[in-house]
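K.L.:
What follows is a structure written as structure tokens; I'll ask about it next.
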Amino acid sequence: MSDENPTIDDPALGTLVRARSELTDGTVLTHDWFVGTVTVDGAELELMVEGTAPDEVLRLLPRLRDTVARLDELRRVASDAVVTNFSTGEPEPSELDDAATDLVLETIEASSDGGIVLHLTDSCGEHFPEEYWPAVHFGADGAVEKVTVES
């Protein structure tokens, strides 16, 4: 018998469960990822880990743990990447500093290919239109691959 609601308990990341959404008509959708939350520096961050079965997710947890452990560094790399990507010239140090304060990390996504995506929100509303947010994609090697705007 298979477990319809598998969970993964990780000492560093907490409990991860298979993501589900309920539509207004009562239909329940099961997604191809597991979700959870972790608290870092007093802030609760959403975790999304690509996979449909616990064994797929378990192999991604070391990379996710490393990401959480290095968040101070990665947050700055991510905010700098956003500013650099959307600037027409070399950004001023003050612009980078402002972005580091204004762009707040909300979600960490771990992909099956070993990539990590940091989803940020514009806390002051001056940089991105409402309902849009920047996402910084790190490759399996840890380098920034691209910056996208999502909605």
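Following the order of the structure tokens, first chain is A, next is B, and so on, with residues numbered from 1 inside each chain and ligands from 1 in the order they appear.
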Skip Val57 in chain A itself and residues of its chain fewer than 2 positions away, then list as a PDB file with all heavy atoms, in the first residue's frame all residues within 10 Å of it, counting only C-alpha atoms.

P.N.:
```pdb
ATOM      1  N   ILE A   8       8.558  13.915   4.872  1.00  0.00           N
ATOM      2  CA  ILE A   8       9.983  13.744   5.102  1.00  0.00           C
ATOM      3  C   ILE A   8      10.322  14.632   6.280  1.00  0.00           C
ATOM      4  O   ILE A   8      10.032  15.833   6.267  1.00  0.00           O
ATOM      5  CB  ILE A   8      10.801  14.163   3.865  1.00  0.00           C
ATOM      6  CG1 ILE A   8      10.447  13.283   2.677  1.00  0.00           C
ATOM      7  CG2 ILE A   8      12.291  14.113   4.171  1.00  0.00           C
ATOM      8  CD1 ILE A   8      10.977  13.799   1.360  1.00  0.00           C
ATOM      9  N   LEU A  16       8.758  18.136   5.409  1.00  0.00           N
ATOM     10  CA  LEU A  16       8.374  18.420   4.020  1.00  0.00           C
ATOM     11  C   LEU A  16       7.248  17.469   3.658  1.00  0.00           C
ATOM     12  O   LEU A  16       7.310  16.274   3.962  1.00  0.00           O
ATOM     13  CB  LEU A  16       9.556  18.211   3.080  1.00  0.00           C
ATOM     14  CG  LEU A  16      10.786  19.079   3.356  1.00  0.00           C
ATOM     15  CD1 LEU A  16      11.991  18.552   2.588  1.00  0.00           C
ATOM     16  CD2 LEU A  16      10.506  20.518   2.969  1.00  0.00           C
ATOM     17  N   TRP A  33       6.100  18.413  -6.343  1.00  0.00           N
ATOM     18  CA  TRP A  33       7.114  18.886  -5.422  1.00  0.00           C
ATOM     19  C   TRP A  33       6.630  18.704  -3.985  1.00  0.00           C
ATOM     20  O   TRP A  33       5.449  18.499  -3.727  1.00  0.00           O
ATOM     21  CB  TRP A  33       7.504  20.333  -5.694  1.00  0.00           C
ATOM     22  CG  TRP A  33       6.429  21.362  -5.572  1.00  0.00           C
ATOM     23  CD1 TRP A  33       6.008  21.983  -4.427  1.00  0.00           C
ATOM     24  CD2 TRP A  33       5.626  21.901  -6.625  1.00  0.00           C
ATOM     25  NE1 TRP A  33       5.014  22.869  -4.703  1.00  0.00           N
ATOM     26  CE2 TRP A  33       4.749  22.841  -6.041  1.00  0.00           C
ATOM     27  CE3 TRP A  33       5.555  21.691  -7.994  1.00  0.00           C
ATOM     28  CZ2 TRP A  33       3.823  23.557  -6.781  1.00  0.00           C
ATOM     29  CZ3 TRP A  33       4.637  22.408  -8.727  1.00  0.00           C
ATOM     30  CH2 TRP A  33       3.791  23.334  -8.127  1.00  0.00           C
ATOM     31  N   PHE A  34       7.571  18.776  -3.077  1.00  0.00           N
ATOM     32  CA  PHE A  34       7.302  18.746  -1.648  1.00  0.00           C
ATOM     33  C   PHE A  34       7.530  20.159  -1.117  1.00  0.00           C
ATOM     34  O   PHE A  34       8.332  20.904  -1.665  1.00  0.00           O
ATOM     35  CB  PHE A  34       8.250  17.778  -0.941  1.00  0.00           C
ATOM     36  CG  PHE A  34       7.844  16.330  -1.042  1.00  0.00           C
ATOM     37  CD1 PHE A  34       7.774  15.686  -2.271  1.00  0.00           C
ATOM     38  CD2 PHE A  34       7.540  15.606   0.104  1.00  0.00           C
ATOM     39  CE1 PHE A  34       7.414  14.356  -2.362  1.00  0.00           C
ATOM     40  CE2 PHE A  34       7.177  14.275   0.019  1.00  0.00           C
ATOM     41  CZ  PHE A  34       7.111  13.646  -1.222  1.00  0.00           C
ATOM     42  N   MET A  48      10.513  24.628  -1.394  1.00  0.00           N
ATOM     43  CA  MET A  48       9.896  23.824  -2.448  1.00  0.00           C
ATOM     44  C   MET A  48      10.986  22.904  -2.997  1.00  0.00           C
ATOM     45  O   MET A  48      12.056  23.380  -3.373  1.00  0.00           O
ATOM     46  CB  MET A  48       9.370  24.707  -3.583  1.00  0.00           C
ATOM     47  CG  MET A  48       8.275  25.650  -3.198  1.00  0.00           C
ATOM     48  SD  MET A  48       7.807  26.754  -4.571  1.00  0.00           S
ATOM     49  CE  MET A  48       7.290  25.588  -5.811  1.00  0.00           C
ATOM     50  N   VAL A  49      10.699  21.605  -3.005  1.00  0.00           N
ATOM     51  CA  VAL A  49      11.685  20.640  -3.475  1.00  0.00           C
ATOM     52  C   VAL A  49      11.029  19.784  -4.554  1.00  0.00           C
ATOM     53  O   VAL A  49      10.023  19.121  -4.298  1.00  0.00           O
ATOM     54  CB  VAL A  49      12.200  19.744  -2.335  1.00  0.00           C
ATOM     55  CG1 VAL A  49      13.327  18.858  -2.821  1.00  0.00           C
ATOM     56  CG2 VAL A  49      12.641  20.583  -1.144  1.00  0.00           C
ATOM     57  N   GLU A  50      11.605  19.830  -5.758  1.00  0.00           N
ATOM     58  CA  GLU A  50      11.041  19.099  -6.876  1.00  0.00           C
ATOM     59  C   GLU A  50      11.165  17.595  -6.655  1.00  0.00           C
ATOM     60  O   GLU A  50      12.233  17.098  -6.305  1.00  0.00           O
ATOM     61  CB  GLU A  50      11.743  19.497  -8.176  1.00  0.00           C
ATOM     62  CG  GLU A  50      11.098  18.917  -9.409  1.00  0.00           C
ATOM     63  CD  GLU A  50      11.764  19.392 -10.689  1.00  0.00           C
ATOM     64  OE1 GLU A  50      12.857  19.973 -10.654  1.00  0.00           O
ATOM     65  OE2 GLU A  50      11.153  19.153 -11.741  1.00  0.00           O
ATOM     66  N   GLY A  51      10.062  16.893  -6.867  1.00  0.00           N
ATOM     67  CA  GLY A  51      10.057  15.446  -6.752  1.00  0.00           C
ATOM     68  C   GLY A  51       8.667  14.949  -6.424  1.00  0.00           C
ATOM     69  O   GLY A  51       7.881  15.636  -5.768  1.00  0.00           O
ATOM     70  N   THR A  52       8.377  13.734  -6.865  1.00  0.00           N
ATOM     71  CA  THR A  52       7.065  13.148  -6.615  1.00  0.00           C
ATOM     72  C   THR A  52       7.120  12.053  -5.557  1.00  0.00           C
ATOM     73  O   THR A  52       6.084  11.574  -5.129  1.00  0.00           O
ATOM     74  CB  THR A  52       6.474  12.567  -7.913  1.00  0.00           C
ATOM     75  OG1 THR A  52       7.373  11.584  -8.431  1.00  0.00           O
ATOM     76  CG2 THR A  52       6.235  13.656  -8.942  1.00  0.00           C
ATOM     77  N   ALA A  53       8.318  11.667  -5.159  1.00  0.00           N
ATOM     78  CA  ALA A  53       8.480  10.603  -4.169  1.00  0.00           C
ATOM     79  C   ALA A  53       9.589  11.001  -3.196  1.00  0.00           C
ATOM     80  O   ALA A  53      10.514  11.733  -3.557  1.00  0.00           O
ATOM     81  CB  ALA A  53       8.833   9.295  -4.868  1.00  0.00           C
ATOM     82  N   PRO A  54       9.495  10.510  -1.968  1.00  0.00           N
ATOM     83  CA  PRO A  54      10.511  10.863  -0.975  1.00  0.00           C
ATOM     84  C   PRO A  54      11.949  10.598  -1.410  1.00  0.00           C
ATOM     85  O   PRO A  54      12.827  11.432  -1.152  1.00  0.00           O
ATOM     86  CB  PRO A  54      10.131  10.006   0.242  1.00  0.00           C
ATOM     87  CG  PRO A  54       8.646   9.852   0.119  1.00  0.00           C
ATOM     88  CD  PRO A  54       8.414   9.721  -1.372  1.00  0.00           C
ATOM     89  N   ASP A  55      12.213   9.506  -2.113  1.00  0.00           N
ATOM     90  CA  ASP A  55      13.597   9.219  -2.514  1.00  0.00           C
ATOM     91  C   ASP A  55      14.135  10.273  -3.477  1.00  0.00           C
ATOM     92  O   ASP A  55      15.324  10.603  -3.441  1.00  0.00           O
ATOM     93  CB  ASP A  55      13.739   7.811  -3.093  1.00  0.00           C
ATOM     94  CG  ASP A  55      12.906   7.581  -4.338  1.00  0.00           C
ATOM     95  OD1 ASP A  55      11.755   8.052  -4.389  1.00  0.00           O
ATOM     96  OD2 ASP A  55      13.402   6.901  -5.260  1.00  0.00           O
ATOM     97  N   ARG A  59      17.525  13.034  -2.106  1.00  0.00           N
ATOM     98  CA  ARG A  59      18.822  13.268  -2.747  1.00  0.00           C
ATOM     99  C   ARG A  59      19.116  14.754  -2.951  1.00  0.00           C
ATOM    100  O   ARG A  59      20.268  15.151  -3.129  1.00  0.00           O
ATOM    101  CB  ARG A  59      18.956  12.489  -4.054  1.00  0.00           C
ATOM    102  CG  ARG A  59      18.100  12.956  -5.177  1.00  0.00           C
ATOM    103  CD  ARG A  59      18.331  12.128  -6.459  1.00  0.00           C
ATOM    104  NE  ARG A  59      17.596  12.679  -7.546  1.00  0.00           N
ATOM    105  CZ  ARG A  59      17.945  13.764  -8.233  1.00  0.00           C
ATOM    106  NH1 ARG A  59      19.034  14.404  -7.948  1.00  0.00           N
ATOM    107  NH2 ARG A  59      17.192  14.211  -9.217  1.00  0.00           N
ATOM    108  N   LEU A  60      18.091  15.621  -2.882  1.00  0.00           N
ATOM    109  CA  LEU A  60      18.274  17.060  -3.040  1.00  0.00           C
ATOM    110  C   LEU A  60      18.490  17.785  -1.710  1.00  0.00           C
ATOM    111  O   LEU A  60      18.903  18.948  -1.697  1.00  0.00           O
ATOM    112  CB  LEU A  60      17.055  17.664  -3.746  1.00  0.00           C
ATOM    113  CG  LEU A  60      16.757  17.124  -5.143  1.00  0.00           C
ATOM    114  CD1 LEU A  60      15.454  17.705  -5.657  1.00  0.00           C
ATOM    115  CD2 LEU A  60      17.900  17.418  -6.084  1.00  0.00           C
ATOM    116  N   LEU A  61      18.232  17.105  -0.604  1.00  0.00           N
ATOM    117  CA  LEU A  61      18.302  17.777   0.689  1.00  0.00           C
ATOM    118  C   LEU A  61      19.698  18.255   1.076  1.00  0.00           C
ATOM    119  O   LEU A  61      19.811  19.338   1.672  1.00  0.00           O
ATOM    120  CB  LEU A  61      17.695  16.899   1.780  1.00  0.00           C
ATOM    121  CG  LEU A  61      16.188  16.646   1.639  1.00  0.00           C
ATOM    122  CD1 LEU A  61      15.662  15.911   2.859  1.00  0.00           C
ATOM    123  CD2 LEU A  61      15.411  17.919   1.381  1.00  0.00           C
ATOM    124  N   PRO A  62      20.787  17.540   0.767  1.00  0.00           N
ATOM    125  CA  PRO A  62      22.104  18.097   1.107  1.00  0.00           C
ATOM    126  C   PRO A  62      22.349  19.458   0.452  1.00  0.00           C
ATOM    127  O   PRO A  62      22.864  20.382   1.088  1.00  0.00           O
ATOM    128  CB  PRO A  62      23.087  17.033   0.602  1.00  0.00           C
ATOM    129  CG  PRO A  62      22.309  15.761   0.662  1.00  0.00           C
ATOM    130  CD  PRO A  62      20.894  16.159   0.285  1.00  0.00           C
ATOM    131  N   ALA A 110      14.385  23.963  -4.718  1.00  0.00           N
ATOM    132  CA  ALA A 110      15.434  23.038  -5.128  1.00  0.00           C
ATOM    133  C   ALA A 110      14.916  22.205  -6.295  1.00  0.00           C
ATOM    134  O   ALA A 110      13.870  21.559  -6.189  1.00  0.00           O
ATOM    135  CB  ALA A 110      15.835  22.122  -3.970  1.00  0.00           C
ATOM    136  N   SER A 111      15.626  22.243  -7.422  1.00  0.00           N
ATOM    137  CA  SER A 111      15.217  21.541  -8.638  1.00  0.00           C
ATOM    138  C   SER A 111      15.908  20.190  -8.745  1.00  0.00           C
ATOM    139  O   SER A 111      17.008  20.005  -8.220  1.00  0.00           O
ATOM    140  CB  SER A 111      15.563  22.374  -9.869  1.00  0.00           C
ATOM    141  OG  SER A 111      14.948  23.628  -9.794  1.00  0.00           O
ATOM    142  N   SER A 112      15.292  19.290  -9.470  1.00  0.00           N
ATOM    143  CA  SER A 112      15.836  17.941  -9.610  1.00  0.00           C
ATOM    144  C   SER A 112      17.200  17.924 -10.293  1.00  0.00           C
ATOM    145  O   SER A 112      17.971  16.981 -10.116  1.00  0.00           O
ATOM    146  CB  SER A 112      14.853  17.043 -10.370  1.00  0.00           C
ATOM    147  OG  SER A 112      14.629  17.549 -11.673  1.00  0.00           O
TER     148      SER A 112
END
```

K.L.:
To test your reading of the structure, identify every residue in range 33-119 of chain A that backbone DSSP assigns to strand (DSSP E or B), and report it as a PDB file with N, CA and C atoms, in the first residue's frame.

P.N.:
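Heads up, here's the output in out.pdb:
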```pdb
ATOM      1  N   TRP A  33       6.100  18.413  -6.343  1.00  0.00           N
ATOM      2  CA  TRP A  33       7.114  18.886  -5.422  1.00  0.00           C
ATOM      3  C   TRP A  33       6.630  18.704  -3.985  1.00  0.00           C
ATOM      4  N   PHE A  34       7.571  18.776  -3.077  1.00  0.00           N
ATOM      5  CA  PHE A  34       7.302  18.746  -1.648  1.00  0.00           C
ATOM      6  C   PHE A  34       7.530  20.159  -1.117  1.00  0.00           C
ATOM      7  N   VAL A  35       6.811  20.513  -0.057  1.00  0.00           N
ATOM      8  CA  VAL A  35       6.917  21.848   0.520  1.00  0.00           C
ATOM      9  C   VAL A  35       7.098  21.763   2.034  1.00  0.00           C
ATOM     10  N   GLY A  36       7.645  22.831   2.557  1.00  0.00           N
ATOM     11  CA  GLY A  36       7.810  22.969   3.994  1.00  0.00           C
ATOM     12  C   GLY A  36       8.238  24.385   4.293  1.00  0.00           C
ATOM     13  N   THR A  37       8.584  24.642   5.542  1.00  0.00           N
ATOM     14  CA  THR A  37       9.110  25.942   5.921  1.00  0.00           C
ATOM     15  C   THR A  37      10.295  25.740   6.848  1.00  0.00           C
ATOM     16  N   VAL A  38      11.169  26.720   6.834  1.00  0.00           N
ATOM     17  CA  VAL A  38      12.319  26.744   7.728  1.00  0.00           C
ATOM     18  C   VAL A  38      12.457  28.171   8.225  1.00  0.00           C
ATOM     19  N   THR A  39      12.816  28.318   9.488  1.00  0.00           N
ATOM     20  CA  THR A  39      13.008  29.646  10.050  1.00  0.00           C
ATOM     21  C   THR A  39      14.495  29.964  10.068  1.00  0.00           C
ATOM     22  N   VAL A  40      14.854  31.097   9.463  1.00  0.00           N
ATOM     23  CA  VAL A  40      16.240  31.554   9.398  1.00  0.00           C
ATOM     24  C   VAL A  40      16.262  33.006   9.845  1.00  0.00           C
ATOM     25  N   ALA A  43      12.973  34.737  10.319  1.00  0.00           N
ATOM     26  CA  ALA A  43      12.037  34.806   9.191  1.00  0.00           C
ATOM     27  C   ALA A  43      11.681  33.392   8.726  1.00  0.00           C
ATOM     28  N   GLU A  44      10.407  33.171   8.494  1.00  0.00           N
ATOM     29  CA  GLU A  44       9.953  31.888   7.983  1.00  0.00           C
ATOM     30  C   GLU A  44      10.045  31.890   6.464  1.00  0.00           C
ATOM     31  N   LEU A  45      10.785  30.936   5.922  1.00  0.00           N
ATOM     32  CA  LEU A  45      10.977  30.821   4.477  1.00  0.00           C
ATOM     33  C   LEU A  45      10.280  29.569   3.973  1.00  0.00           C
ATOM     34  N   GLU A  46       9.634  29.698   2.822  1.00  0.00           N
ATOM     35  CA  GLU A  46       9.003  28.549   2.199  1.00  0.00           C
ATOM     36  C   GLU A  46      10.063  27.738   1.465  1.00  0.00           C
ATOM     37  N   LEU A  47       9.945  26.424   1.562  1.00  0.00           N
ATOM     38  CA  LEU A  47      10.816  25.514   0.833  1.00  0.00           C
ATOM     39  C   LEU A  47       9.984  24.756  -0.187  1.00  0.00           C
ATOM     40  N   MET A  48      10.513  24.628  -1.394  1.00  0.00           N
ATOM     41  CA  MET A  48       9.896  23.824  -2.448  1.00  0.00           C
ATOM     42  C   MET A  48      10.986  22.904  -2.997  1.00  0.00           C
ATOM     43  N   VAL A  49      10.699  21.605  -3.005  1.00  0.00           N
ATOM     44  CA  VAL A  49      11.685  20.640  -3.475  1.00  0.00           C
ATOM     45  C   VAL A  49      11.029  19.784  -4.554  1.00  0.00           C
ATOM     46  N   GLU A  50      11.605  19.830  -5.758  1.00  0.00           N
ATOM     47  CA  GLU A  50      11.041  19.099  -6.876  1.00  0.00           C
ATOM     48  C   GLU A  50      11.165  17.595  -6.655  1.00  0.00           C
ATOM     49  N   LEU A 103      14.947  43.772  -1.274  1.00  0.00           N
ATOM     50  CA  LEU A 103      14.549  42.482  -1.841  1.00  0.00           C
ATOM     51  C   LEU A 103      14.664  41.416  -0.759  1.00  0.00           C
ATOM     52  N   VAL A 104      13.523  40.899  -0.365  1.00  0.00           N
ATOM     53  CA  VAL A 104      13.446  39.973   0.765  1.00  0.00           C
ATOM     54  C   VAL A 104      13.210  38.559   0.250  1.00  0.00           C
ATOM     55  N   LEU A 105      13.985  37.623   0.766  1.00  0.00           N
ATOM     56  CA  LEU A 105      13.838  36.224   0.382  1.00  0.00           C
ATOM     57  C   LEU A 105      12.575  35.647   0.994  1.00  0.00           C
ATOM     58  N   GLU A 106      11.770  34.990   0.147  1.00  0.00           N
ATOM     59  CA  GLU A 106      10.543  34.348   0.632  1.00  0.00           C
ATOM     60  C   GLU A 106      10.550  32.848   0.421  1.00  0.00           C
ATOM     61  N   THR A 107      11.118  32.386  -0.714  1.00  0.00           N
ATOM     62  CA  THR A 107      11.042  30.970  -1.050  1.00  0.00           C
ATOM     63  C   THR A 107      12.368  30.483  -1.603  1.00  0.00           C
ATOM     64  N   ILE A 108      12.739  29.277  -1.197  1.00  0.00           N
ATOM     65  CA  ILE A 108      13.900  28.584  -1.747  1.00  0.00           C
ATOM     66  C   ILE A 108      13.378  27.348  -2.460  1.00  0.00           C
ATOM     67  N   GLU A 109      13.726  27.234  -3.717  1.00  0.00           N
ATOM     68  CA  GLU A 109      13.261  26.112  -4.538  1.00  0.00           C
ATOM     69  C   GLU A 109      14.467  25.271  -4.951  1.00  0.00           C
ATOM     70  N   ALA A 110      14.385  23.963  -4.718  1.00  0.00           N
ATOM     71  CA  ALA A 110      15.434  23.038  -5.128  1.00  0.00           C
ATOM     72  C   ALA A 110      14.916  22.205  -6.295  1.00  0.00           C
ATOM     73  N   ILE A 116      19.174  25.683  -7.675  1.00  0.00           N
ATOM     74  CA  ILE A 116      18.449  26.340  -6.578  1.00  0.00           C
ATOM     75  C   ILE A 116      17.909  27.659  -7.127  1.00  0.00           C
ATOM     76  N   VAL A 117      16.667  27.980  -6.777  1.00  0.00           N
ATOM     77  CA  VAL A 117      16.073  29.257  -7.162  1.00  0.00           C
ATOM     78  C   VAL A 117      15.682  29.993  -5.887  1.00  0.00           C
ATOM     79  N   LEU A 118      16.157  31.224  -5.767  1.00  0.00           N
ATOM     80  CA  LEU A 118      15.745  32.077  -4.660  1.00  0.00           C
ATOM     81  C   LEU A 118      14.693  33.040  -5.182  1.00  0.00           C
ATOM     82  N   HIS A 119      13.503  32.969  -4.605  1.00  0.00           N
ATOM     83  CA  HIS A 119      12.393  33.850  -4.970  1.00  0.00           C
ATOM     84  C   HIS A 119      12.370  34.995  -3.965  1.00  0.00           C
TER      85      HIS A 119
END
```

K.L.:
Could you give me the residues within chain A that DSSP places in alpha helix (DSSP H), as a ChimeraX atom specification?

P.N.:
/A:54-58,61-69,71-86,93-102

K.L.:
Please provide the set of residues having any atom within 9 Å of range 135-145 of chain A, restricted to only C-alpha atoms, with same-chain residues fewer than 6 positions apart removed, written as a count of residues only.

P.N.:
15

K.L.:
Name all residues at most 9 Å from Arg76 in chain A (count only C-alpha atoms; drop same-chain ones fewer than 3 positions away) and give them as a ChimeraX atom specification.

P.N.:
/A:71-73,79-81,96-97,99-100

K.L.:
Keeping only N, CA, C and O atoms, write those residues as a PDB file, in the first residue's frame.

P.N.:
```pdb
ATOM      1  N   LEU A  71      22.814  31.229   3.510  1.00  0.00           N
ATOM      2  CA  LEU A  71      21.844  32.232   3.054  1.00  0.00           C
ATOM      3  C   LEU A  71      22.335  33.664   3.141  1.00  0.00           C
ATOM      4  O   LEU A  71      22.017  34.465   2.267  1.00  0.00           O
ATOM      5  N   ASP A  72      23.089  34.012   4.176  1.00  0.00           N
ATOM      6  CA  ASP A  72      23.572  35.401   4.250  1.00  0.00           C
ATOM      7  C   ASP A  72      24.333  35.774   2.984  1.00  0.00           C
ATOM      8  O   ASP A  72      24.089  36.817   2.381  1.00  0.00           O
ATOM      9  N   GLU A  73      25.241  34.915   2.579  1.00  0.00           N
ATOM     10  CA  GLU A  73      26.037  35.158   1.366  1.00  0.00           C
ATOM     11  C   GLU A  73      25.161  35.108   0.117  1.00  0.00           C
ATOM     12  O   GLU A  73      25.250  35.976  -0.755  1.00  0.00           O
ATOM     13  N   SER A  79      20.528  39.449  -4.633  1.00  0.00           N
ATOM     14  CA  SER A  79      20.069  40.830  -4.819  1.00  0.00           C
ATOM     15  C   SER A  79      20.996  41.600  -5.750  1.00  0.00           C
ATOM     16  O   SER A  79      20.533  42.369  -6.597  1.00  0.00           O
ATOM     17  N   ASP A  80      22.300  41.370  -5.648  1.00  0.00           N
ATOM     18  CA  ASP A  80      23.239  42.005  -6.582  1.00  0.00           C
ATOM     19  C   ASP A  80      22.957  41.567  -8.014  1.00  0.00           C
ATOM     20  O   ASP A  80      23.023  42.371  -8.952  1.00  0.00           O
ATOM     21  N   ALA A  81      22.636  40.282  -8.194  1.00  0.00           N
ATOM     22  CA  ALA A  81      22.349  39.762  -9.537  1.00  0.00           C
ATOM     23  C   ALA A  81      21.094  40.413 -10.119  1.00  0.00           C
ATOM     24  O   ALA A  81      21.053  40.727 -11.315  1.00  0.00           O
ATOM     25  N   LEU A  96      23.154  48.649  -4.949  1.00  0.00           N
ATOM     26  CA  LEU A  96      23.299  47.266  -4.505  1.00  0.00           C
ATOM     27  C   LEU A  96      22.908  47.127  -3.036  1.00  0.00           C
ATOM     28  O   LEU A  96      22.217  46.173  -2.657  1.00  0.00           O
ATOM     29  N   ASP A  97      23.326  48.098  -2.226  1.00  0.00           N
ATOM     30  CA  ASP A  97      22.983  48.070  -0.805  1.00  0.00           C
ATOM     31  C   ASP A  97      21.482  48.224  -0.587  1.00  0.00           C
ATOM     32  O   ASP A  97      20.890  47.520   0.245  1.00  0.00           O
ATOM     33  N   ALA A  99      19.078  47.422  -2.664  1.00  0.00           N
ATOM     34  CA  ALA A  99      18.420  46.188  -3.100  1.00  0.00           C
ATOM     35  C   ALA A  99      18.590  45.082  -2.065  1.00  0.00           C
ATOM     36  O   ALA A  99      17.666  44.288  -1.842  1.00  0.00           O
ATOM     37  N   ALA A 100      19.753  45.021  -1.447  1.00  0.00           N
ATOM     38  CA  ALA A 100      19.993  43.992  -0.429  1.00  0.00           C
ATOM     39  C   ALA A 100      19.016  44.149   0.734  1.00  0.00           C
ATOM     40  O   ALA A 100      18.636  43.159   1.370  1.00  0.00           O
TER      41      ALA A 100
END
```

K.L.:
Hey, can you check how far CA of Asp32 in chain A sits from CA of Arg18 in chain A?

P.N.:
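Rounded to one decimal, the two atoms are 7.7 Å apart.
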
K.L.:
In Å, with one decimal, what is the gap from CA of Gly125 in chain A to CA of Thr101 in chain A?

P.N.:
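Separation between CA of Gly125 in chain A and CA of Thr101 in chain A: 12.3 Å.
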